[in-house]
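The file protein.cif contains mmCIF, C-alpha atoms and all ligand atoms:
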data_final
loop_
_atom_site.label_atom_id
_atom_site.label_comp_id
_atom_site.auth_asym_id
_atom_site.auth_seq_id
_atom_site.Cartn_x
_atom_site.Cartn_y
_atom_site.Cartn_z
CA MET C 66 -34.76 74.50 -10.70
CA GLU C 67 -33.38 71.45 -12.51
CA ASP C 68 -32.68 68.52 -10.18
CA ARG C 69 -29.24 67.43 -11.36
CA LYS C 70 -27.91 64.28 -9.75
CA VAL C 71 -24.15 63.98 -9.66
CA SER C 72 -22.97 60.41 -10.18
CA PRO C 73 -20.39 59.22 -7.67
CA LEU C 74 -16.95 57.92 -8.68
CA HIS C 75 -17.63 54.25 -9.37
CA ILE C 76 -14.63 51.95 -9.87
CA LEU C 77 -15.86 49.51 -12.50
CA SER C 78 -13.12 48.88 -15.04
CA SER C 79 -9.42 49.53 -15.37
CA SER C 80 -10.17 51.19 -18.72
CA GLN C 81 -11.46 54.20 -16.77
CA PHE C 82 -7.98 55.01 -15.40
CA ASP C 83 -5.57 57.26 -17.30
CA ARG C 84 -1.89 57.93 -16.73
CA PRO C 85 -2.32 61.07 -14.59
CA PHE C 86 -4.75 59.13 -12.35
CA LEU C 87 -2.33 56.19 -12.05
CA ASP C 88 0.62 58.46 -11.24
CA TYR C 89 -1.51 60.32 -8.70
CA MET C 90 -2.66 57.07 -7.03
CA CYS C 91 0.94 55.86 -6.71
CA VAL C 92 2.02 59.09 -5.00
CA LEU C 93 -1.11 59.15 -2.82
CA THR C 94 -0.56 55.53 -1.73
CA ASP C 95 3.12 56.21 -0.94
CA THR C 96 2.15 59.23 1.12
CA ILE C 97 -0.62 57.43 3.03
CA ARG C 98 1.78 54.63 3.97
CA ARG C 99 3.93 57.12 5.85
CA PHE C 100 1.02 57.63 8.28
CA ASP C 101 1.42 53.98 9.28
CA LYS C 102 4.73 54.79 10.96
CA SER C 103 3.24 56.51 14.02
CA LYS C 104 0.24 56.20 16.33
CA GLU C 105 -0.62 59.83 15.58
CA GLY C 106 -0.54 59.13 11.85
CA LEU C 107 -2.83 56.14 12.16
CA MET C 108 -5.25 58.08 14.40
CA TYR C 109 -5.34 60.83 11.77
CA LEU C 110 -6.24 58.33 9.04
CA GLN C 111 -8.97 56.85 11.26
CA GLY C 112 -10.66 60.23 11.47
CA LEU C 113 -10.85 60.70 7.70
CA LEU C 114 -13.94 58.58 6.99
CA ALA C 115 -15.26 57.76 10.47
CA HIS C 116 -18.68 59.08 9.35
CA LYS C 117 -18.98 56.57 6.47
CA ARG C 118 -20.22 52.96 6.21
CA ALA C 119 -19.31 50.31 3.64
CA MET C 120 -21.06 47.16 2.41
CA LEU C 121 -18.80 44.28 1.45
CA TYR C 122 -20.89 42.07 -0.83
CA PHE C 123 -18.64 39.18 -1.80
CA THR C 124 -20.58 36.30 -3.33
CA GLN C 125 -17.51 34.74 -4.92
CA PRO C 126 -14.67 33.40 -2.75
CA SER C 127 -11.94 35.84 -1.72
CA THR C 128 -9.30 36.10 0.95
CA ARG C 129 -7.04 39.05 0.21
CA THR C 130 -9.39 41.36 -1.67
CA PHE C 131 -12.04 40.97 1.03
CA LEU C 132 -9.63 41.35 3.93
CA SER C 133 -7.62 44.16 2.40
CA PHE C 134 -10.78 46.16 1.65
CA GLN C 135 -12.16 45.45 5.12
CA THR C 136 -8.86 46.48 6.70
CA ALA C 137 -8.59 49.52 4.44
CA CYS C 138 -12.04 50.59 5.68
CA GLN C 139 -10.88 50.13 9.28
CA ILE C 140 -7.75 52.20 8.63
CA VAL C 141 -9.83 55.20 7.52
CA GLY C 142 -12.40 54.66 10.29
CA MET C 143 -15.26 53.27 8.19
CA LYS C 144 -17.70 50.75 9.61
CA THR C 145 -18.38 47.68 7.47
CA ASN C 146 -21.22 45.24 6.90
CA GLU C 147 -20.81 42.09 4.87
CA ILE C 148 -22.61 39.40 2.92
CA ARG C 149 -20.40 36.58 1.69
CA ASP C 150 -23.04 34.12 0.65
CA SER C 151 -26.24 35.18 -1.13
CA SER C 152 -28.03 32.14 0.32
CA THR C 153 -28.04 33.98 3.67
CA SER C 154 -29.72 37.06 2.19
CA SER C 155 -33.23 37.61 0.88
CA GLU C 156 -31.99 36.60 -2.57
CA ARG C 157 -32.74 33.13 -1.20
CA LYS C 158 -36.39 34.21 -1.00
CA GLY C 159 -36.39 35.31 -4.61
CA GLU C 160 -35.32 38.93 -4.28
CA SER C 161 -33.53 40.11 -7.41
CA ILE C 162 -29.87 41.00 -7.17
CA GLU C 163 -30.78 44.52 -8.31
CA ASP C 164 -33.23 44.94 -5.40
CA SER C 165 -30.70 43.46 -2.98
CA LEU C 166 -28.01 45.92 -3.97
CA ARG C 167 -30.45 48.82 -3.98
CA THR C 168 -31.36 47.79 -0.42
CA PHE C 169 -27.71 47.98 0.64
CA SER C 170 -27.58 51.51 -0.74
CA SER C 171 -30.27 52.46 1.80
CA TYR C 172 -27.90 51.68 4.67
CA VAL C 173 -24.35 52.38 3.55
CA ASP C 174 -22.26 54.96 1.71
CA ILE C 175 -20.38 52.61 -0.63
CA ILE C 176 -20.78 49.06 -1.96
CA ILE C 177 -17.70 46.98 -2.61
CA MET C 178 -18.70 43.89 -4.54
CA ARG C 179 -17.20 40.69 -5.86
CA THR C 180 -19.42 38.65 -8.10
CA PRO C 181 -19.15 35.77 -10.55
CA VAL C 182 -21.33 37.74 -13.00
CA PRO C 183 -19.46 39.79 -15.63
CA GLY C 184 -20.92 43.26 -16.13
CA LEU C 185 -23.04 43.15 -12.96
CA CYS C 186 -21.14 45.99 -11.24
CA ASP C 187 -21.70 48.27 -14.25
CA ARG C 188 -25.39 47.41 -14.29
CA ILE C 189 -25.80 48.15 -10.58
CA ALA C 190 -23.86 51.42 -10.86
CA SER C 191 -26.17 52.56 -13.70
CA LEU C 192 -29.22 51.52 -11.71
CA LEU C 193 -28.10 53.39 -8.58
CA ASN C 194 -27.25 56.48 -10.62
CA GLU C 195 -30.99 56.77 -11.30
CA THR C 196 -31.94 56.61 -7.61
CA ASP C 197 -31.87 59.14 -4.78
CA ARG C 198 -28.91 57.35 -3.16
CA PRO C 199 -26.38 56.74 -5.94
CA VAL C 200 -23.64 55.35 -3.69
CA PRO C 201 -20.31 54.43 -5.31
CA ILE C 202 -19.77 50.85 -6.48
CA ILE C 203 -16.32 49.28 -6.43
CA ASN C 204 -15.80 46.24 -8.63
CA ALA C 205 -13.68 43.90 -6.48
CA GLY C 206 -13.67 41.21 -9.17
CA SER C 207 -16.43 40.38 -11.66
CA GLY C 208 -16.21 36.83 -13.00
CA PRO C 209 -13.51 36.39 -15.67
CA ASP C 210 -14.15 39.97 -16.71
CA GLU C 211 -12.35 42.62 -14.64
CA HIS C 212 -10.50 43.22 -11.37
CA PRO C 213 -9.65 46.90 -11.55
CA THR C 214 -8.42 47.37 -7.98
CA GLN C 215 -6.06 44.40 -8.37
CA ALA C 216 -4.69 46.11 -11.48
CA LEU C 217 -4.19 49.32 -9.50
CA LEU C 218 -2.20 47.52 -6.81
CA ASP C 219 -0.22 45.69 -9.51
CA ILE C 220 0.70 49.00 -11.13
CA TYR C 221 1.67 50.37 -7.72
CA THR C 222 3.88 47.32 -7.09
CA LEU C 223 5.52 47.57 -10.52
CA ASN C 224 6.04 51.29 -10.09
CA ARG C 225 7.71 50.85 -6.69
CA SER C 226 9.83 47.98 -7.99
CA PHE C 227 11.12 50.04 -10.92
CA ILE C 228 11.43 53.34 -9.09
CA ARG C 229 15.22 53.47 -9.66
CA GLN C 230 14.97 52.07 -13.18
CA GLY C 231 12.84 54.75 -14.82
CA GLY C 232 9.45 53.38 -13.79
CA ILE C 233 7.17 51.16 -15.87
CA ASP C 234 7.84 52.92 -19.20
CA GLY C 235 9.96 50.80 -21.52
CA LYS C 236 9.64 47.62 -19.44
CA THR C 237 8.74 44.14 -20.65
CA ILE C 238 6.12 42.33 -18.58
CA THR C 239 5.60 38.59 -19.12
CA MET C 240 2.17 37.28 -18.15
CA VAL C 241 1.95 33.54 -17.63
CA GLY C 242 -0.81 30.97 -17.13
CA ASP C 243 -4.52 31.02 -17.85
CA LEU C 244 -4.63 34.26 -19.81
CA LYS C 245 -8.03 33.52 -21.29
CA ARG C 246 -10.01 33.61 -18.07
CA GLY C 247 -7.70 35.55 -15.75
CA ARG C 248 -9.42 38.84 -14.92
CA THR C 249 -6.23 40.24 -13.41
CA ILE C 250 -4.53 39.73 -16.78
CA ARG C 251 -7.25 41.63 -18.60
CA SER C 252 -7.33 44.55 -16.16
CA LEU C 253 -3.54 44.88 -15.85
CA SER C 254 -2.94 44.59 -19.61
CA TRP C 255 -5.33 47.43 -20.14
CA LEU C 256 -3.56 49.63 -17.57
CA LEU C 257 -0.20 48.97 -19.22
CA THR C 258 -1.49 50.71 -22.36
CA ASN C 259 -1.04 53.93 -20.38
CA TYR C 260 2.75 53.57 -20.39
CA THR C 261 5.29 54.40 -23.10
CA ASP C 262 7.18 51.64 -24.94
CA THR C 263 5.92 48.99 -22.56
CA ARG C 264 5.75 45.48 -24.00
CA ILE C 265 3.80 42.44 -22.86
CA ILE C 266 4.76 38.83 -23.56
CA PHE C 267 1.79 36.51 -23.07
CA ALA C 268 3.07 32.99 -22.32
CA SER C 269 0.42 30.29 -22.09
CA PRO C 270 -0.77 26.95 -23.43
CA PRO C 271 -2.60 27.49 -26.76
CA GLU C 272 -5.91 26.74 -25.03
CA PHE C 273 -5.41 29.59 -22.55
CA ARG C 274 -4.36 32.40 -24.88
CA ILE C 275 -5.84 35.86 -24.35
CA GLY C 276 -9.30 36.45 -25.77
CA ASP C 277 -9.91 38.21 -29.07
CA ASP C 278 -11.56 41.16 -27.37
CA LEU C 279 -8.43 41.93 -25.31
CA ARG C 280 -6.16 41.29 -28.32
CA GLN C 281 -8.14 43.78 -30.40
CA LYS C 282 -8.17 46.38 -27.64
CA LEU C 283 -4.39 46.18 -27.24
CA VAL C 284 -3.85 46.46 -31.00
CA ALA C 285 -6.14 49.49 -31.12
CA LYS C 286 -4.15 51.08 -28.28
CA GLY C 287 -0.85 50.39 -30.06
CA LEU C 288 0.63 48.37 -27.18
CA ARG C 289 3.44 46.05 -28.30
CA PHE C 290 2.74 42.46 -27.36
CA GLU C 291 3.54 38.95 -28.45
CA GLU C 292 2.09 35.55 -27.66
CA THR C 293 4.25 32.51 -27.09
CA ASP C 294 4.25 29.01 -25.67
CA GLN C 295 7.99 29.20 -24.90
CA LEU C 296 8.19 30.34 -21.27
CA GLU C 297 11.97 30.10 -20.91
CA ASP C 298 12.68 32.39 -23.87
CA ALA C 299 10.24 34.93 -22.50
CA LEU C 300 11.81 34.88 -19.03
CA ARG C 301 15.25 35.86 -20.38
CA ASN C 302 13.88 39.10 -21.76
CA THR C 303 11.52 40.17 -19.04
CA ASP C 304 11.59 42.87 -16.38
CA ALA C 305 8.59 41.45 -14.55
CA VAL C 306 6.93 38.06 -14.66
CA TYR C 307 3.29 37.93 -13.61
CA VAL C 308 2.23 34.35 -12.90
CA THR C 309 -1.43 33.29 -12.66
CA ARG C 310 -3.21 30.08 -11.78
CA VAL C 311 -5.61 28.07 -13.93
CA GLN C 312 -9.08 29.55 -13.41
CA ASP C 313 -10.88 26.21 -13.40
CA GLU C 314 -13.85 27.63 -11.52
CA TYR C 315 -15.02 28.78 -14.97
CA ASP C 316 -14.78 25.32 -16.55
CA GLN C 317 -17.94 24.11 -18.25
CA ALA C 318 -16.99 20.39 -18.19
CA GLY C 319 -13.58 19.95 -16.55
CA GLU C 320 -11.70 21.17 -19.65
CA SER C 321 -8.77 22.57 -17.61
CA LYS C 322 -7.72 19.02 -16.72
CA LYS C 323 -7.21 18.28 -20.41
CA VAL C 324 -4.67 21.11 -20.79
CA ASP C 325 -1.01 20.56 -19.90
CA SER C 326 -0.19 23.75 -18.00
CA SER C 327 2.90 22.33 -16.31
CA ARG C 328 5.27 23.94 -18.85
CA PHE C 329 4.01 27.28 -17.56
CA HIS C 330 4.83 26.67 -13.93
CA LEU C 331 7.55 28.98 -12.62
CA LYS C 332 10.16 26.80 -10.94
CA HIS C 333 13.21 27.63 -8.87
CA HIS C 334 15.52 26.60 -11.73
CA HIS C 335 13.97 29.35 -13.90
CA LEU C 336 15.42 32.02 -11.63
CA LYS C 337 18.88 31.72 -13.18
CA LEU C 338 17.42 32.65 -16.57
CA MET C 339 15.96 35.90 -15.28
CA LYS C 340 17.54 39.33 -14.88
CA GLU C 341 18.85 40.14 -11.42
CA SER C 342 16.62 43.22 -11.47
CA ALA C 343 13.48 41.34 -12.53
CA VAL C 344 10.44 41.11 -10.28
CA ILE C 345 8.13 38.14 -9.79
CA MET C 346 4.46 38.82 -9.13
CA HIS C 347 1.31 36.77 -8.65
CA PRO C 348 -2.15 38.05 -7.71
CA LEU C 349 -2.53 34.96 -5.45
CA PRO C 350 -3.91 32.55 -4.42
CA ARG C 351 -1.38 30.16 -5.95
CA ARG C 352 -1.31 26.46 -6.50
CA ASP C 353 1.60 24.66 -8.10
CA GLU C 354 2.22 27.24 -10.84
CA LEU C 355 4.58 29.15 -8.54
CA ASP C 356 7.26 27.16 -6.74
CA LEU C 357 7.34 27.70 -2.96
CA ALA C 358 11.14 27.71 -3.19
CA ILE C 359 10.95 31.03 -5.07
CA ASP C 360 9.56 32.81 -2.00
CA ALA C 361 13.04 33.31 -0.54
CA ASP C 362 14.39 34.98 -3.69
CA PRO C 363 14.62 38.79 -3.39
CA ARG C 364 12.89 39.11 -6.76
CA ALA C 365 9.70 37.58 -5.34
CA LYS C 366 7.32 40.49 -4.71
CA TYR C 367 3.95 38.75 -4.31
CA TRP C 368 3.70 38.97 -0.53
CA ARG C 369 4.56 42.64 -0.75
CA GLN C 370 2.09 42.93 -3.62
CA GLU C 371 -0.83 41.71 -1.49
CA ARG C 372 0.08 44.12 1.31
CA ASN C 373 0.34 46.92 -1.25
CA GLY C 374 -3.27 46.04 -2.07
CA MET C 375 -4.40 47.22 1.34
CA TRP C 376 -2.67 50.59 1.01
CA THR C 377 -3.82 51.09 -2.57
CA ARG C 378 -7.38 50.45 -1.42
CA VAL C 379 -6.99 52.93 1.45
CA ALA C 380 -5.88 55.50 -1.13
CA LEU C 381 -8.82 54.64 -3.38
CA LEU C 382 -11.35 55.11 -0.57
CA THR C 383 -9.92 58.53 0.27
CA LYS C 384 -10.07 59.49 -3.42
CA ILE C 385 -13.69 58.30 -3.87
CA PHE C 386 -14.86 60.32 -0.87
CA GLY C 387 -12.69 63.35 -1.68
CA VAL C 388 -10.66 63.24 1.54
CA ASP C 389 -7.44 62.61 -0.38
CA ARG C 390 -7.23 66.42 -0.20
CA LYS C 391 -6.56 66.03 3.54
CA ILE C 392 -3.40 64.06 2.80
CA VAL C 393 -0.53 66.45 2.16
CA LEU C 394 1.05 65.30 -1.05
CA PRO C 395 4.50 66.14 -2.36
CA GLU C 396 4.64 68.11 -5.63
CA LEU C 397 4.01 65.83 -8.62
N1 LIG W 401 -5.97 38.50 -5.84
C1 LIG W 401 -7.20 38.19 -5.39
O1 LIG W 401 -8.21 38.67 -5.92
O2 LIG W 401 -7.22 37.35 -4.32
P1 LIG W 401 -8.53 36.85 -3.55
O3 LIG W 401 -9.33 36.03 -4.52
O4 LIG W 401 -8.02 36.07 -2.39
O5 LIG W 401 -9.30 38.07 -3.14
#
Transcribe the structure of this file into structure tokens.
Ligand code: CP
Amino acid sequence: MEDRKVSPLHILSSSQFDRPFLDYMCVLTDTIRRFDKSKEGLMYLQGLLAHKRAMLYFTQPSTRTFLSFQTACQIVGMKTNEIRDSSTSSERKGESIEDSLRTFSSYVDIIIMRTPVPGLCDRIASLLNETDRPVPIINAGSGPDEHPTQALLDIYTLNRSFIRQGGIDGKTITMVGDLKRGRTIRSLSWLLTNYTDTRIIFASPPEFRIGDDLRQKLVAKGLRFEETDQLEDALRNTDAVYVTRVQDEYDQAGESKKVDSSRFHLKHHHLKLMKESAVIMHPLPRRDELDLAIDADPRAKYWRQERNGMWTRVALLTKIFGVDRKIVLPEL
């Protein structure tokens, strides 16, 4: 009899998600959140994956992705192990990253990884697919490349914000900041190609414009977008503004310091230019590109956005392990 291995559901790139999947994840996340309202509901969630173990391999700094995944695991009853610094693992003794990750797969049922290396998650997923324990890989941020679970939580936040305004279809999203090296920009832009008549305005200094590869992908997908260095004009016409920080951790020789990004800082005085119904998002962490004084404005959604990340990741874990079927969903 042929030995057919079935590959698990890896989460590697936002390009793997289609509209039905995104709509389903939004409904699933909404439904799971209702369990948070009672002790019985939370106990039910804790039983869903109490037989599973997760490895959190985060060798690039993280606060909210790490903690929200760790907490999401706790919510569904999973036990977690972690490595946050490869110098404390046998990589220090010369073990290859491939062997390290294969070792994790001997002990756990899923590997959630953040890495500075673009494409590493894909490589590890392919490698594990050829082994006897092809555990799922979740890309929790891979260098300047991709951050697919951030994009999922961003879509969930946009969807909730526009629930009484026809959803994400037809909306204009302005993305601001370091668009060249911002992985959240790349992953979210790609997801927006799944929506109808959605438009993106990319507002950045010339040095931080989106890369040619993303530009070409968006053109091929037929998504309407424009690039500008006039932030104020863009803000007047936007339904959502998505602010990002300068990703200077990817500088080769301090080049970020030579770019004047200050014209792309969202300040309190910009609020009066924006629609009353607009939403303000940021993947966080922030520096000075997002004025603290904006936090009190009802349009600021970034604190909600990071909490949404935890629930979106709970939903994703249930989907990967097939226990989403134990959540009673409303008719789609
Ligand atoms: N948004 C995000 O990825 O934040 P962290 O780097 O804190 O995980």
* To do: List all protein, DNA and RNA residues that have at least one atom no more than 12 Å from any atom of ligand LIG 401 (chain W), counting all atoms listed in the file, and write them as a PyMOL selection string.
  => chain C and resi 123-135+178-181+204-209+211-219+247-250+252+308-310+312+314+346-351+367-368+370-375
* Name the residues in contact with Thr196 (chain C) at a cut-off of 12 Å, using all atoms listed in the file, excluding same-chain residues fewer than 2 positions from it; report them as a list in words. =>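 Close residues of Thr196 (chain C): Arg69, Lys70, Val71, Ser72, Pro73, Asp164, Leu166, Arg167, Thr168, Ser170, Ser171, Ile189, Ala190, Ser191, Leu192, Leu193, Asn194, Arg198, Pro199 and Val200 of chain C.
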* To do: Identify, on the basis of only C-alpha atoms, every residue whose closest approach to region 93-103 of chain C does not exceed 10 Å; exclude the query and any residue fewer than 6 positions from it along the same chain; express the result as a PyMOL selection string.
  => chain C and resi 87+109-110+140+218+221+225+373-381+383-384+389-390+392-395
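CA of Arg149 (chain C) to CA of Ile203 (chain C) spans 15.6 Å [interatomic distance, one decimal].
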* Structure fact -> With distances taken over all atoms listed in the file, the candidate from C:Tyr172, C:Tyr122, C:Tyr89, C:Tyr307 nearest Lys366 (chain C) is C:Tyr307
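Summary of the local environment: counting all atoms listed in the file, residues at most 10 Å from Lys322 (chain C), other than itself and those fewer than 6 positions away along its chain, are Val311, Asp313 and Asp316 of chain C.
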